[in-house]
Amino acid sequence: MAERPTRVGSGSAFWALGLGLFAACSDGTAPPPPAGEPDVRFTTAEISIGSERSGQFTLRNDGDAAAGPVELRASQIRDGAQQPALGASVILQDAEIATLNAGASRTVAFSVDFPEGASPGSYEADVTAHLAGEQVASLRLNLLVAAVPGGGVAVVIGNAPALLVQGDVAALSAVVTDSAGDAVSDPSLAWRVEPLGAGLADASGQVVGYEPGTVRVIASVDAVEDTVEIAVEPRGLSGSFTQVGLGPVPERFSSDLWVFGANAYSGTWGFRTVDGTTSGGNQLLAWNISSPAAPARTDSITIDARVVNDVKVSADGALAVATHESSSDGENGVTLLDLADPDHPTIIARFKPSDLLPGVHNVWIDGNQLYVVVDGGAPTSGLRIVDVSDPGNPAIVSQFYAGSSFLHDVIVRDGFAFLSHWNAGLVILDVGNGLSGGSPSAPVEVSRITLDGQTHNAWYWPAAGYLFVGEEDTATPGIVHVLDVSNLSAPRRVATLRVPGDTPHNFWLDEAAGVLYVAWYSNGLRAVDVSGELLGALERQGREIAFLDYGTDGGCPGSTDATCTWAPQVHGGEVWVSDMNQGLFSFSTDF
């Protein structure tokens, strides 16, 4: 399937895309819109209503053209650990504003519903405004479920630091005693941070500060509580990207890339018309990158496809694999290539058994196994594991399907396969680790976790015990989820990363530095500090080191000078980026 729908145009839909991009600027301000366009925004970025169950917000149009209809959406209510609060909801008085004239404002009332017995503590939700399906503004709601009145106990917080760096996590504890002064075993403690929105505390007493300043951390049992104050100092990160070189691909849309040694290989996507000539996504491009300032295209291998969505290179640099989608003969599969001359790959074989005919979206090479993601719904979609020890004669040795939705991506590490299975969530397979007795010829499911839907890609960081999972939700801005997988049999979400205005695509983790590089489509390239323990909303913790919008806002995919960041890879001291509109970039970093 295509990665995403075309998003080019003019008028309010076009400006919606641009506004989302500008809203991501580091100073939080947006420039004025082009003349003749609406500019819809909330009058405040955040509202704290505490334990109240109703409130209101105001939406205004600062542009010089009418906007409408403006659709309002409320997200799920989340607790401090970013888990959904089941049964809780934000109810908007108006879900749609038919017309918001230039210079006009509209106040909208909302109410909050928590089920009886909801756990005391801090919660949050988002309200977003949309024009023509594109998000143009967002508002954070900070909520509180108060403790139930009671008596006869005392609470004393321990292990509280006097100072905490923004984004760092501290583990607090509390001793609860009864009216006789005896310790209460397994007390039902509730933790919260005030001011609401300045940080969060999860159910175990893990605390993270979002904003520099002084926060109060409160532990309560019934109506009895203890409070400590913690000073939160800025994380103090800053940095920049600088363009080093560009290998332009103006005639086709680019897709994924893989860099190895002095070479890079990139795919092509869909159909593009430039100056009256239409070119399809039927080529694998080979590059020599020995001079990062001047990536040189050395070869173009034409294959029968309309989308070459993915390309991978084996760990020894001997074998490359390119994927086929929408082949003219209806028989897709993969093409295996010999890299004996890395500047000029040669085709070994096109592998197109019946199991791979619907199309191949992504692949991963691990040793002598090729892990293949097959397009379509049940029963065609899913994982096929292929023995490529003899690349001229590959053979399918096993398969796996999660039982619902389709499979989008796979990575393999340490004998585990991590399947991004779209609405079925993230599935972990033992394919040779031995934890569950699996092997490439007989994969065994270890665990799975359902996230918010549209689970797109993943990166496993075993040394830190984290799994980063991208969500490409085209209806609302996507999310990068952070899962604690220190116990692979029981993954749990502990943090999220959101950027307004567009969805994330692929990412690359520099594990030695603890820096996550994220391709965020029209929001460009972003570098995020993911060192240390991770908890809560990472985008609110001063963890973004740098971001770069290196082009214009002409659509994604769209014009040949517009930003549409598809995939990054750190290699040889540079960050290499495949941009869907422009081609192959190299960037240096100053951080």
# chains A, B, ... in the order shown; residues from 1 in each chain; ligands from 1
>>> residues_around(residues="A:Val108", least_positions_apart="3", cutoff="8 Å", atoms="only C-alpha atoms", output="ChimeraX atom specification")
/A:56-59,92-94
>>> write_last_selection(atoms="all heavy atoms", output="compact mmCIF listing (two decimals), in the first residue's frame")
# COMPACT_ATOMS: atom_id res chain seq x y z
N GLN A 56 -14.37 25.86 29.34
CA GLN A 56 -14.58 26.37 28.00
C GLN A 56 -13.26 26.85 27.43
O GLN A 56 -12.32 27.15 28.16
CB GLN A 56 -15.62 27.51 27.99
CG GLN A 56 -15.23 28.73 28.81
CD GLN A 56 -16.34 29.77 28.83
OE1 GLN A 56 -17.52 29.44 28.74
NE2 GLN A 56 -15.95 31.04 28.94
N PHE A 57 -13.20 26.90 26.10
CA PHE A 57 -12.04 27.42 25.41
C PHE A 57 -12.52 28.28 24.26
O PHE A 57 -13.70 28.22 23.86
CB PHE A 57 -11.13 26.28 24.90
CG PHE A 57 -11.83 25.28 24.01
CD1 PHE A 57 -12.07 25.54 22.67
CD2 PHE A 57 -12.26 24.07 24.52
CE1 PHE A 57 -12.70 24.63 21.85
CE2 PHE A 57 -12.90 23.14 23.72
CZ PHE A 57 -13.12 23.42 22.38
N THR A 58 -11.61 29.09 23.73
CA THR A 58 -11.95 29.98 22.63
C THR A 58 -11.06 29.71 21.43
O THR A 58 -9.84 29.56 21.57
CB THR A 58 -11.82 31.45 23.07
OG1 THR A 58 -12.69 31.70 24.17
CG2 THR A 58 -12.17 32.39 21.92
N LEU A 59 -11.69 29.65 20.28
CA LEU A 59 -11.01 29.45 19.01
C LEU A 59 -11.18 30.74 18.22
O LEU A 59 -12.27 31.32 18.20
CB LEU A 59 -11.65 28.29 18.27
CG LEU A 59 -10.87 27.58 17.17
CD1 LEU A 59 -9.66 26.85 17.77
CD2 LEU A 59 -11.77 26.57 16.46
N LEU A 92 -17.53 17.63 23.91
CA LEU A 92 -17.54 18.98 23.38
C LEU A 92 -18.97 19.42 23.09
O LEU A 92 -19.76 18.66 22.53
CB LEU A 92 -16.72 19.06 22.09
CG LEU A 92 -15.25 18.63 22.20
CD1 LEU A 92 -14.59 18.64 20.83
CD2 LEU A 92 -14.49 19.54 23.16
N GLN A 93 -19.29 20.65 23.47
CA GLN A 93 -20.63 21.18 23.20
C GLN A 93 -20.86 21.30 21.70
O GLN A 93 -21.96 21.02 21.19
CB GLN A 93 -20.79 22.54 23.86
CG GLN A 93 -22.15 23.20 23.66
CD GLN A 93 -22.17 24.62 24.19
OE1 GLN A 93 -21.34 25.44 23.80
NE2 GLN A 93 -23.11 24.90 25.08
N ASP A 94 -19.83 21.71 20.96
CA ASP A 94 -19.92 21.82 19.50
C ASP A 94 -18.76 21.04 18.90
O ASP A 94 -17.59 21.33 19.20
CB ASP A 94 -19.83 23.28 19.05
CG ASP A 94 -20.98 24.12 19.57
OD1 ASP A 94 -22.13 23.70 19.37
OD2 ASP A 94 -20.72 25.18 20.17
>>> residues_around(residues="A:Thr273", least_positions_apart="6", cutoff="12 Å", atoms="only C-alpha atoms", output="PyMOL selection string")
chain A and resi 250-253+279-281+557-560+581
>>> write_last_selection(atoms="N, CA, C and O atoms", output="tab-separated table (two decimals), in the first residue's frame")
chain	number	residue	atom	x	y	z
A	250	PRO	N	14.89	14.82	-9.05
A	250	PRO	CA	13.73	15.64	-9.37
A	250	PRO	C	12.66	14.94	-10.18
A	250	PRO	O	11.50	15.35	-10.18
A	251	GLU	N	13.04	13.86	-10.86
A	251	GLU	CA	12.11	13.24	-11.81
A	251	GLU	C	11.18	12.21	-11.16
A	251	GLU	O	10.15	11.84	-11.74
A	252	ARG	N	11.52	11.73	-9.96
A	252	ARG	CA	10.71	10.73	-9.27
A	252	ARG	C	10.58	11.10	-7.79
A	252	ARG	O	11.41	11.80	-7.24
A	253	PHE	N	9.54	10.56	-7.16
A	253	PHE	CA	9.45	10.63	-5.71
A	253	PHE	C	10.38	9.57	-5.12
A	253	PHE	O	10.40	8.42	-5.60
A	279	SER	N	7.19	9.90	-14.58
A	279	SER	CA	8.08	8.79	-14.24
A	279	SER	C	7.50	8.02	-13.07
A	279	SER	O	6.95	8.62	-12.14
A	280	GLY	N	7.63	6.71	-13.11
A	280	GLY	CA	7.08	5.86	-12.06
A	280	GLY	C	8.12	5.46	-11.03
A	280	GLY	O	9.33	5.68	-11.19
A	281	GLY	N	7.60	4.84	-9.96
A	281	GLY	CA	8.48	4.38	-8.89
A	281	GLY	C	9.01	3.00	-9.19
A	281	GLY	O	8.75	2.04	-8.46
A	557	PRO	N	3.63	14.09	-0.59
A	557	PRO	CA	4.59	14.48	-1.63
A	557	PRO	C	4.07	15.68	-2.42
A	557	PRO	O	2.88	15.95	-2.44
A	558	GLY	N	5.01	16.37	-3.07
A	558	GLY	CA	4.61	17.57	-3.78
A	558	GLY	C	5.72	18.12	-4.64
A	558	GLY	O	6.39	17.38	-5.36
A	559	SER	N	5.97	19.41	-4.52
A	559	SER	CA	6.90	20.09	-5.42
A	559	SER	C	8.34	19.70	-5.13
A	559	SER	O	8.68	19.20	-4.05
A	560	THR	N	9.20	19.95	-6.10
A	560	THR	CA	10.58	19.46	-6.03
A	560	THR	C	11.45	20.20	-5.03
A	560	THR	O	12.61	19.80	-4.82
A	581	ASN	N	10.48	14.34	-1.88
A	581	ASN	CA	10.40	15.32	-2.97
A	581	ASN	C	11.74	15.64	-3.61
A	581	ASN	O	11.81	15.91	-4.81
>>> residues_around(residues="A:Leu370", least_positions_apart="5", cutoff="12 Å", atoms="only C-alpha atoms", output="count of residues only")
39
>>> atom_distance(atom1="atom CA of A:His344", atom2="atom CA of A:Val518")
29.6 Å
>>> select_by_dssp(residues="stretch 188-360 of chain A", states="strand (DSSP E)", output="VMD selection string")
chain A and resid 190 to 194 199 to 201 206 to 209 213 to 221 224 to 233 240 to 248 253 to 260 263 to 269 271 to 274 277 to 280 283 to 288 296 to 302 311 to 313 319 to 323 334 to 338 346 to 351 360
>>> write_last_selection(atoms="C-alpha atoms", output="short mmCIF file (atom, residue, chain, number, x, y, z; two decimals), in the first residue's frame")
data_model
loop_
_atom_site.label_atom_id
_atom_site.label_comp_id
_atom_site.auth_asym_id
_atom_site.auth_seq_id
_atom_site.Cartn_x
_atom_site.Cartn_y
_atom_site.Cartn_z
CA ALA A 190 -2.39 8.56 44.60
CA TRP A 191 0.34 10.83 43.24
CA ARG A 192 0.00 14.15 41.44
CA VAL A 193 2.06 17.17 40.45
CA GLU A 194 1.00 20.78 40.86
CA GLY A 199 5.09 17.56 35.28
CA LEU A 200 3.62 14.20 36.08
CA ALA A 201 3.77 11.51 38.70
CA GLN A 206 7.92 8.09 39.46
CA VAL A 207 8.09 11.85 38.88
CA VAL A 208 9.24 13.89 35.87
CA GLY A 209 9.30 17.67 35.50
CA GLY A 213 10.44 26.17 38.04
CA THR A 214 9.18 24.74 41.30
CA VAL A 215 6.71 21.86 41.33
CA ARG A 216 4.82 20.36 44.22
CA VAL A 217 4.58 16.58 44.35
CA ILE A 218 1.66 15.33 46.41
CA ALA A 219 1.00 11.82 47.70
CA SER A 220 -2.45 11.17 49.15
CA VAL A 221 -4.47 8.42 50.75
CA VAL A 224 -4.68 12.86 53.91
CA GLU A 225 -1.63 13.93 51.95
CA ASP A 226 1.97 15.03 52.08
CA THR A 227 3.65 17.54 49.79
CA VAL A 228 7.26 18.10 48.79
CA GLU A 229 8.66 20.85 46.58
CA ILE A 230 11.22 20.11 43.86
CA ALA A 231 13.09 22.69 41.81
CA VAL A 232 13.14 21.76 38.11
CA GLU A 233 16.03 23.24 36.14
CA SER A 240 21.49 22.49 14.75
CA PHE A 241 21.66 20.60 11.47
CA THR A 242 23.62 21.95 8.51
CA GLN A 243 23.12 20.70 4.98
CA VAL A 244 26.31 19.17 3.62
CA GLY A 245 25.15 17.84 0.27
CA LEU A 246 22.19 16.82 -1.89
CA GLY A 247 21.88 14.14 -4.51
CA PRO A 248 18.82 15.46 -6.35
CA PHE A 253 9.45 10.63 -5.71
CA SER A 254 12.03 8.98 -3.43
CA SER A 255 11.24 6.35 -0.81
CA ASP A 256 13.44 4.49 1.67
CA LEU A 257 17.23 4.40 1.83
CA TRP A 258 20.01 2.21 3.18
CA VAL A 259 23.61 3.35 3.61
CA PHE A 260 26.56 0.95 3.68
CA ASN A 263 27.43 3.74 -0.89
CA ALA A 264 23.76 4.42 -0.43
CA TYR A 265 20.73 2.86 -2.09
CA SER A 266 17.30 4.48 -2.34
CA GLY A 267 13.92 3.48 -3.67
CA THR A 268 11.30 5.35 -5.69
CA TRP A 269 7.56 5.81 -5.21
CA PHE A 271 4.12 8.54 -10.30
CA ARG A 272 5.54 12.02 -10.71
CA THR A 273 5.05 14.44 -13.58
CA VAL A 274 7.70 17.11 -14.14
CA THR A 277 7.13 13.87 -18.35
CA THR A 278 5.74 11.23 -15.99
CA SER A 279 8.08 8.79 -14.24
CA GLY A 280 7.08 5.86 -12.06
CA GLN A 283 13.90 2.22 -9.95
CA LEU A 284 16.48 1.39 -7.31
CA LEU A 285 19.06 4.18 -7.27
CA ALA A 286 22.72 3.52 -6.37
CA TRP A 287 24.87 6.32 -4.95
CA ASN A 288 28.53 6.80 -4.15
CA ALA A 296 26.89 10.89 -6.92
CA ARG A 297 24.24 8.72 -8.56
CA THR A 298 26.20 5.81 -10.06
CA ASP A 299 23.43 3.58 -11.37
CA SER A 300 19.66 3.18 -11.75
CA ILE A 301 18.27 -0.33 -11.76
CA THR A 302 14.83 -0.50 -13.36
CA VAL A 311 15.64 -1.38 0.20
CA LYS A 312 17.93 -3.21 2.61
CA VAL A 313 21.58 -4.33 2.55
CA LEU A 319 23.39 -8.56 -0.88
CA ALA A 320 20.69 -5.94 -1.40
CA VAL A 321 16.93 -6.45 -1.58
CA ALA A 322 14.39 -4.15 -3.24
CA THR A 323 10.64 -4.55 -2.82
CA VAL A 334 11.34 -8.88 -4.26
CA THR A 335 14.47 -8.43 -6.33
CA LEU A 336 17.78 -9.66 -4.90
CA LEU A 337 20.93 -7.86 -6.04
CA ASP A 338 24.67 -8.63 -5.94
CA THR A 346 23.46 -6.52 -10.56
CA ILE A 347 20.23 -8.48 -10.36
CA ILE A 348 20.58 -12.02 -9.02
CA ALA A 349 16.92 -13.00 -9.10
CA ARG A 350 13.39 -11.75 -8.82
CA PHE A 351 11.62 -13.87 -6.21
CA VAL A 360 5.92 -6.42 -0.62
#
>>> closest_residue(among="A:Ser54, A:Gln135, A:Ser436, A:Ser48", to="A:Tyr123", atoms="only C-alpha atoms")
A:Ser48
>>> residues_around(residues="stretch 327-330 of chain A", least_positions_apart="2", cutoff="6 Å", atoms="only C-alpha atoms", output="JSON, numbers by chain")
{"A": [304, 305, 325, 332]}
>>> write_last_selection(atoms="N, CA and C atoms", output="mmCIF file, in the first residue's frame")
data_model
loop_
_atom_site.group_PDB
_atom_site.id
_atom_site.type_symbol
_atom_site.label_atom_id
_atom_site.label_comp_id
_atom_site.auth_asym_id
_atom_site.auth_seq_id
_atom_site.Cartn_x
_atom_site.Cartn_y
_atom_site.Cartn_z
ATOM 1 N N ASP A 304 10.267 -4.086 -12.369
ATOM 2 C CA ASP A 304 8.833 -4.015 -12.664
ATOM 3 C C ASP A 304 8.070 -3.725 -11.376
ATOM 4 N N ALA A 305 7.901 -2.447 -11.101
ATOM 5 C CA ALA A 305 7.151 -2.009 -9.918
ATOM 6 C C ALA A 305 6.666 -0.598 -10.183
ATOM 7 N N GLU A 325 5.887 -3.253 -5.447
ATOM 8 C CA GLU A 325 4.450 -3.075 -5.286
ATOM 9 C C GLU A 325 3.878 -2.576 -6.605
ATOM 10 N N ASN A 332 4.401 -9.402 -7.821
ATOM 11 C CA ASN A 332 5.309 -8.446 -7.202
ATOM 12 C C ASN A 332 6.580 -9.097 -6.657
#
>>> closest_residue(among="A:Ala137, A:Val480, A:Val112, A:Leu189", to="A:Ile157", atoms="only C-alpha atoms")
A:Leu189
>>> residues_around(residues="A:Arg492", least_positions_apart="5", cutoff="12 Å", atoms="only C-alpha atoms", output="ChimeraX atom specification")
/A:81-83,426,447-451,465-469,481-487,535
>>> closest_residue(among="A:Ala74, A:Val40, A:Ile479, A:Ile289", to="A:Arg106", atoms="only C-alpha atoms")
A:Val40
>>> residues_around(residues="A:Glu574", least_positions_apart="4", cutoff="6 Å", atoms="only C-alpha atoms", output="list in words")
Val570, Phe587 and Ser588 of chain A
>>> closest_residue(among="A:Gly434, A:Gly403, A:Gly453, A:Pro38", to="A:Leu131", atoms="only C-alpha atoms")
A:Pro38
>>> closest_residue(among="A:Leu356, A:Ala67, A:Val249, A:Ala262", to="A:Ser105", atoms="only C-alpha atoms")
A:Ala67
>>> closest_residue(among="A:Pro342, A:Gly197, A:Pro477, A:Pro69", to="A:Ala132", atoms="only C-alpha atoms")
A:Pro69
